[in-house]
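**Q** Just model12.cif, nothing more (mmCIF, C-alpha atoms):
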```cif
data_input
#
loop_
_atom_site.label_atom_id
_atom_site.label_comp_id
_atom_site.auth_asym_id
_atom_site.auth_seq_id
_atom_site.Cartn_x
_atom_site.Cartn_y
_atom_site.Cartn_z
CA MET P 1 79.76 28.69 2.32
CA LYS P 2 81.59 27.18 -0.56
CA LYS P 3 84.92 28.84 -1.22
CA ILE P 4 85.54 30.09 -4.76
CA ILE P 5 89.02 30.10 -6.19
CA PHE P 6 89.02 33.26 -8.28
CA TYR P 7 91.21 33.00 -11.41
CA PHE P 8 92.39 36.21 -13.03
CA LEU P 9 93.58 34.28 -16.12
CA LEU P 10 96.67 32.31 -15.14
CA VAL P 11 99.85 33.23 -16.97
CA SER P 12 100.08 29.76 -18.48
CA ILE P 13 96.75 30.12 -20.28
CA ALA P 14 96.47 33.87 -20.73
CA CYS P 15 97.85 33.76 -24.25
CA LEU P 16 95.26 31.27 -25.44
CA LEU P 17 92.35 32.97 -23.71
CA PHE P 18 93.07 36.25 -25.45
CA SER P 19 94.29 34.96 -28.80
CA CYS P 20 92.38 35.90 -31.94
CA SER P 21 92.24 33.33 -34.70
CA PHE P 22 90.54 34.40 -37.90
CA TYR P 23 89.91 32.08 -40.82
CA ASP P 24 90.90 32.79 -44.40
CA ALA P 25 87.25 32.66 -45.47
CA GLU P 26 84.63 34.37 -43.37
CA VAL P 27 82.15 31.96 -41.80
CA ASP P 28 78.72 33.51 -42.25
CA SER P 29 76.28 30.62 -42.03
CA TYR P 30 75.71 27.32 -40.29
CA PRO P 31 77.97 24.57 -41.64
CA THR P 32 76.48 22.70 -44.58
CA SER P 33 77.29 19.47 -42.75
CA LEU P 34 74.93 20.35 -39.91
CA GLN P 35 72.71 17.31 -39.44
CA LYS P 36 70.22 16.12 -36.90
CA LYS P 37 71.34 13.65 -34.26
CA ASP P 38 68.86 11.31 -32.62
CA LEU P 39 68.43 12.20 -28.97
CA TYR P 40 69.15 9.57 -26.34
CA LYS P 41 70.48 9.43 -22.81
CA HIS P 42 74.25 9.01 -22.96
CA ASP P 43 76.45 7.01 -20.65
CA ALA P 44 78.19 9.08 -18.02
CA ALA P 45 81.24 10.97 -19.29
CA THR P 46 84.00 12.70 -17.37
CA TRP P 47 82.94 16.20 -18.43
CA THR P 48 79.95 17.93 -19.94
CA ILE P 49 80.80 21.47 -21.01
CA LEU P 50 77.97 23.80 -21.94
CA VAL P 51 78.40 26.98 -23.95
CA TYR P 52 75.59 29.52 -23.58
CA MET P 53 76.27 31.47 -26.76
CA ALA P 54 74.23 34.67 -26.81
CA ALA P 55 75.16 35.90 -30.31
CA ASP P 56 71.91 37.63 -31.25
CA ASN P 57 73.79 40.91 -31.53
CA ASP P 58 76.85 42.35 -33.28
CA LEU P 59 79.00 39.41 -32.11
CA ASP P 60 77.22 36.99 -34.45
CA PRO P 61 80.11 36.35 -36.92
CA PHE P 62 82.54 35.69 -34.08
CA ALA P 63 80.22 33.02 -32.67
CA LEU P 64 80.59 31.02 -35.86
CA GLU P 65 84.37 31.33 -35.75
CA ASP P 66 84.41 30.06 -32.18
CA LEU P 67 82.11 27.19 -33.11
CA GLU P 68 84.59 26.20 -35.82
CA GLU P 69 87.39 26.28 -33.24
CA MET P 70 85.43 23.96 -30.93
CA LYS P 71 84.88 21.52 -33.79
CA ASN P 72 88.59 21.48 -34.63
CA ALA P 73 89.76 20.87 -31.06
CA SER P 74 91.50 17.61 -30.17
CA VAL P 75 89.09 16.23 -27.57
CA ASN P 76 88.21 12.73 -26.44
CA ARG P 77 84.54 13.01 -27.41
CA ARG P 78 83.65 9.90 -25.40
CA GLN P 79 84.88 11.54 -22.21
CA VAL P 80 84.00 15.17 -22.91
CA ASN P 81 80.56 16.26 -24.12
CA THR P 82 80.36 19.73 -25.63
CA LEU P 83 76.90 21.28 -25.96
CA VAL P 84 76.18 24.71 -27.41
CA LEU P 85 72.97 26.72 -27.17
CA LEU P 86 73.51 29.12 -30.06
CA ASP P 87 71.23 32.08 -30.71
CA ARG P 88 72.27 34.03 -33.79
CA LYS P 89 71.34 37.49 -34.97
CA GLY P 90 68.21 37.76 -37.09
CA LEU P 91 65.75 35.05 -37.99
CA THR P 92 68.03 32.01 -38.04
CA GLY P 93 66.50 30.63 -34.85
CA THR P 94 68.10 29.19 -31.74
CA LYS P 95 69.91 25.85 -32.06
CA VAL P 96 71.08 23.20 -29.61
CA LEU P 97 74.28 21.67 -30.98
CA GLU P 98 76.45 18.78 -29.95
CA VAL P 99 79.99 19.51 -31.08
CA SER P 100 81.90 16.53 -32.45
CA ASP P 101 85.06 16.09 -34.50
CA LYS P 102 84.87 18.53 -37.42
CA ASP P 103 81.10 18.76 -37.05
CA ALA P 104 78.22 20.18 -35.03
CA LEU P 105 75.08 18.06 -34.83
CA GLU P 106 71.70 19.67 -34.32
CA LEU P 107 69.64 18.24 -31.46
CA ASP P 108 66.03 18.15 -30.42
CA CYS P 109 65.76 19.69 -26.97
CA PRO P 110 62.44 18.88 -25.28
CA ASN P 111 63.38 21.00 -22.26
CA LEU P 112 63.46 24.10 -24.50
CA ASN P 113 60.77 22.92 -26.95
CA ILE P 114 63.34 23.07 -29.74
CA GLU P 115 63.06 20.71 -32.70
CA ALA P 116 66.07 20.19 -34.93
CA GLY P 117 65.55 21.69 -38.37
CA LYS P 118 62.80 24.03 -37.23
CA GLU P 119 63.22 27.67 -36.35
CA LYS P 120 62.45 28.73 -32.81
CA GLU P 121 63.66 32.01 -31.41
CA LEU P 122 64.59 32.04 -27.72
CA ASN P 123 65.23 35.05 -25.54
CA MET P 124 68.71 34.33 -24.21
CA ALA P 125 68.25 37.01 -21.55
CA ASP P 126 65.58 34.82 -19.94
CA GLY P 127 67.14 32.79 -17.15
CA ASN P 128 64.57 30.04 -17.64
CA ASN P 129 66.25 29.15 -20.94
CA LEU P 130 69.63 28.74 -19.27
CA SER P 131 68.04 26.71 -16.49
CA ASN P 132 66.34 24.38 -18.97
CA PHE P 133 69.55 24.02 -20.98
CA LEU P 134 71.31 22.83 -17.82
CA LYS P 135 68.48 20.43 -16.98
CA PHE P 136 68.71 19.03 -20.52
CA ALA P 137 72.42 18.36 -20.04
CA LEU P 138 71.91 16.68 -16.67
CA GLU P 139 69.28 14.36 -18.12
CA TYR P 140 70.77 13.46 -21.50
CA TYR P 141 74.53 14.08 -21.03
CA PRO P 142 75.37 12.96 -17.48
CA ALA P 143 78.95 13.50 -16.34
CA ASP P 144 81.19 13.56 -13.30
CA HIS P 145 81.89 17.24 -13.84
CA TYR P 146 80.00 20.14 -15.43
CA GLY P 147 81.36 23.40 -16.76
CA LEU P 148 79.45 26.40 -18.13
CA ILE P 149 80.78 29.08 -20.45
CA ILE P 150 78.80 32.30 -20.78
CA TRP P 151 79.57 33.75 -24.21
CA GLY P 152 78.65 37.21 -25.48
CA HIS P 153 78.44 40.74 -24.15
CA GLY P 154 79.02 41.57 -20.49
CA THR P 155 78.53 44.93 -18.83
CA GLY P 156 80.35 44.41 -15.55
CA PHE P 157 80.47 47.50 -13.35
CA ARG P 158 79.02 49.64 -16.15
CA SER P 159 75.55 48.35 -15.22
CA ALA P 160 74.11 47.86 -11.75
CA SER P 161 72.81 44.43 -12.80
CA ARG P 162 76.23 43.37 -14.15
CA ALA P 163 74.43 41.86 -17.09
CA VAL P 164 75.27 39.16 -19.64
CA ALA P 165 73.46 37.52 -22.57
CA VAL P 166 72.33 40.62 -24.46
CA ASP P 167 69.63 39.64 -26.98
CA ASP P 168 68.89 42.19 -29.71
CA SER P 169 65.83 40.31 -31.00
CA SER P 170 64.32 40.62 -27.55
CA ALA P 171 64.55 44.41 -27.39
CA GLY P 172 68.15 44.29 -26.23
CA LEU P 173 67.24 42.61 -22.95
CA SER P 174 70.00 41.10 -20.83
CA MET P 175 70.35 38.71 -17.89
CA SER P 176 71.44 40.09 -14.55
CA LYS P 177 73.94 38.21 -12.41
CA THR P 178 71.19 37.58 -9.86
CA GLU P 179 69.05 35.98 -12.58
CA LEU P 180 72.11 34.02 -13.70
CA ARG P 181 72.64 32.65 -10.19
CA LYS P 182 69.00 31.63 -9.87
CA ALA P 183 69.08 29.94 -13.27
CA ILE P 184 72.18 27.93 -12.37
CA CYS P 185 70.82 26.82 -9.00
CA SER P 186 67.54 25.77 -10.59
CA GLY P 187 69.08 24.11 -13.63
CA MET P 188 71.73 22.21 -11.70
CA LYS P 189 69.18 21.19 -9.04
CA ASN P 190 71.50 22.57 -6.37
CA LYS P 191 74.44 20.53 -7.68
CA LEU P 192 77.54 22.71 -7.94
CA LEU P 193 78.99 23.59 -11.30
CA ASP P 194 82.66 22.65 -11.38
CA PHE P 195 83.45 25.90 -13.16
CA ILE P 196 81.84 28.89 -14.77
CA ALA P 197 83.83 30.93 -17.29
CA PHE P 198 82.86 34.21 -18.91
CA ASP P 199 83.98 34.86 -22.48
CA THR P 200 82.69 38.40 -22.03
CA CYS P 201 83.95 41.83 -21.10
CA TYR P 202 84.29 42.96 -17.47
CA SER P 203 83.37 39.67 -15.82
CA ALA P 204 86.18 39.19 -13.28
CA GLU P 205 84.82 41.42 -10.54
CA ILE P 206 84.55 40.46 -6.89
CA GLU P 207 80.84 41.34 -6.82
CA GLU P 208 80.17 38.86 -9.61
CA ALA P 209 82.19 36.10 -7.98
CA TYR P 210 80.42 36.72 -4.69
CA GLU P 211 77.00 36.47 -6.35
CA LEU P 212 77.87 32.98 -7.63
CA LYS P 213 79.75 31.72 -4.58
CA ASN P 214 77.20 29.06 -3.62
CA CYS P 215 76.63 27.50 -7.05
CA VAL P 216 80.11 27.13 -8.59
CA GLU P 217 83.52 25.83 -7.50
CA TYR P 218 85.76 27.79 -9.87
CA PHE P 219 85.29 31.15 -11.57
CA ALA P 220 87.21 32.49 -14.57
CA GLY P 221 86.76 35.82 -16.26
CA ASN P 222 88.20 38.98 -17.69
CA THR P 223 88.97 42.13 -15.72
CA GLY P 224 88.57 44.45 -18.72
CA ALA P 225 87.39 44.58 -22.30
CA GLN P 226 87.51 41.31 -24.23
CA ASN P 227 88.66 40.99 -27.82
CA LEU P 228 85.72 40.59 -30.19
CA CYS P 229 86.99 37.20 -31.33
CA GLY P 230 87.13 35.99 -27.74
CA TRP P 231 89.00 32.90 -26.66
CA ASN P 232 90.80 30.42 -28.86
CA TYR P 233 88.58 27.40 -28.25
CA GLU P 234 90.58 25.03 -30.40
CA THR P 235 93.61 25.49 -28.17
CA TRP P 236 91.70 25.74 -24.90
CA PHE P 237 89.47 22.71 -25.46
CA SER P 238 92.42 20.66 -26.70
#
```
For the file at hand, write its structure as structure tokens.
**A**
Amino acid sequence: MKKIIFYFLLVSIACLLFSCSFYDAEVDSYPTSLQKKDLYKHDAATWTILVYMAADNDLDPFALEDLEEMKNASVNRRQVNTLVLLDRKGLTGTKVLEVSDKDALELDCPNLNIEAGKEKELNMADGNNLSNFLKFALEYYPADHYGLIIWGHGTGFRSASRAVAVDDSSAGLSMSKTELRKAICSGMKNKLLDFIAFDTCYSAEIEEAYELKNCVEYFAGNTGAQNLCGWNYETWFS
């Protein structure tokens, strides 16, 4: 049984995990610079970080703020790949994005049958979509280490399923922690994630860590309610 080191937000990073950073102008649409990037299999990097951004709900505007923070982070893009599966509220479709310096490039994703520039709505509560997102990263963005961030609503103890990834366009469905575990094991092909982090409410519970004990090395989460604006990704990624 693989031992999990359970972080309850270390003092040294607590301030940046809970910081709210709002922009002078509200970000309410995809960046105008969003362009398609040709898909190819990259050379191995040190890290591939995946953000499963379930924003098809009332958190939609905060997703765009966090995306801006990721773009503005000081990151060695040759050594750290950042991929975002972003599902926004309404009919904007689900996008696979590669975050680069000051930009986010839209990708084709054959694993999810997503074509850049075309609208396709995914149910983020479906674990198969998370699994295929992970498989896509393993194939096209190989790395020594993999990290997964689950972004959005989280019910914690308030629901027996301890759900995440609430999707309003799919009748408000959500993904249980058991479904999450199965999706990770399938998507990673039984390779351990180096870390999983929950930018959600009520995620740092022993039951949730126990559920994921055999598929991740490190677990980070929040014991209570999370600020709507979530983490400061510019600081954290930098």
**Q** With distances taken over all atoms listed in the file, which of P:Val99, P:Ile49, P:Trp151, P:Asp167 is nearest to Leu134 in chain P?
**A**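 Residue with the minimum atom-to-atom distance to Leu134 in chain P: P:Ile49.
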**Q** Which residue gives the smallest distance to Gly187 in chain P among P:Pro110, P:Gly127, P:Pro61, P:Gly156, with all atoms listed in the file counted?
**A** P:Gly127
**Q** (69.1, 17.2, -33.9) in this file's frame - what residues fall within 12 Å of it? Use all atoms listed in the file and give the answer as a list in words.
**A**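 The distance filter leaves exactly Leu34, Gln35, Lys36, Lys37, Asp38, Leu39, Tyr40, Leu83, Lys95, Val96, Leu97, Glu98, Val99, Ala104, Leu105, Glu106, Leu107, Asp108, Cys109, Pro110, Ile114, Glu115, Ala116, Gly117 and Lys118 of chain P.
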**Q** If you keep C-alpha atoms, can you produce a file of those selected residues as a tab-separated table (two decimals), in the coordinates of the input?
**A**
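Here's the written file result25.tsv:
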```
chain	number	residue	atom	x	y	z
P	34	LEU	CA	74.93	20.35	-39.91
P	35	GLN	CA	72.71	17.31	-39.44
P	36	LYS	CA	70.22	16.12	-36.90
P	37	LYS	CA	71.34	13.65	-34.26
P	38	ASP	CA	68.86	11.31	-32.62
P	39	LEU	CA	68.43	12.20	-28.97
P	40	TYR	CA	69.15	9.57	-26.34
P	83	LEU	CA	76.90	21.28	-25.96
P	95	LYS	CA	69.91	25.85	-32.06
P	96	VAL	CA	71.08	23.20	-29.61
P	97	LEU	CA	74.28	21.67	-30.98
P	98	GLU	CA	76.45	18.78	-29.95
P	99	VAL	CA	79.99	19.51	-31.08
P	104	ALA	CA	78.22	20.18	-35.03
P	105	LEU	CA	75.08	18.06	-34.83
P	106	GLU	CA	71.70	19.67	-34.32
P	107	LEU	CA	69.64	18.24	-31.46
P	108	ASP	CA	66.03	18.15	-30.42
P	109	CYS	CA	65.76	19.69	-26.97
P	110	PRO	CA	62.44	18.88	-25.28
P	114	ILE	CA	63.34	23.07	-29.74
P	115	GLU	CA	63.06	20.71	-32.70
P	116	ALA	CA	66.07	20.19	-34.93
P	117	GLY	CA	65.55	21.69	-38.37
P	118	LYS	CA	62.80	24.03	-37.23
```
**Q** What is the CA of Ser100 in chain P to CA of Arg88 in chain P distance in Å?
**A** 20.0 Å
**Q** Give as a VMD selection string the set of residues within 6 Å of the point (80.3, 24.2, -37.8), where distances use the file's coordinates and all atoms listed in the file.
**A** chain P and resid 31 67 to 68 103 to 104
**Q** For Val51 in chain P, please output as a list in words all residues within 9 Å (counting all atoms listed in the file; exclusion window: fewer than 2 positions along the same chain).
**A** Ile49, Met53, Thr82, Leu83, Val84, Leu85, Leu86, Gly147, Leu148, Ile149, Ile150 and Trp151 of chain P
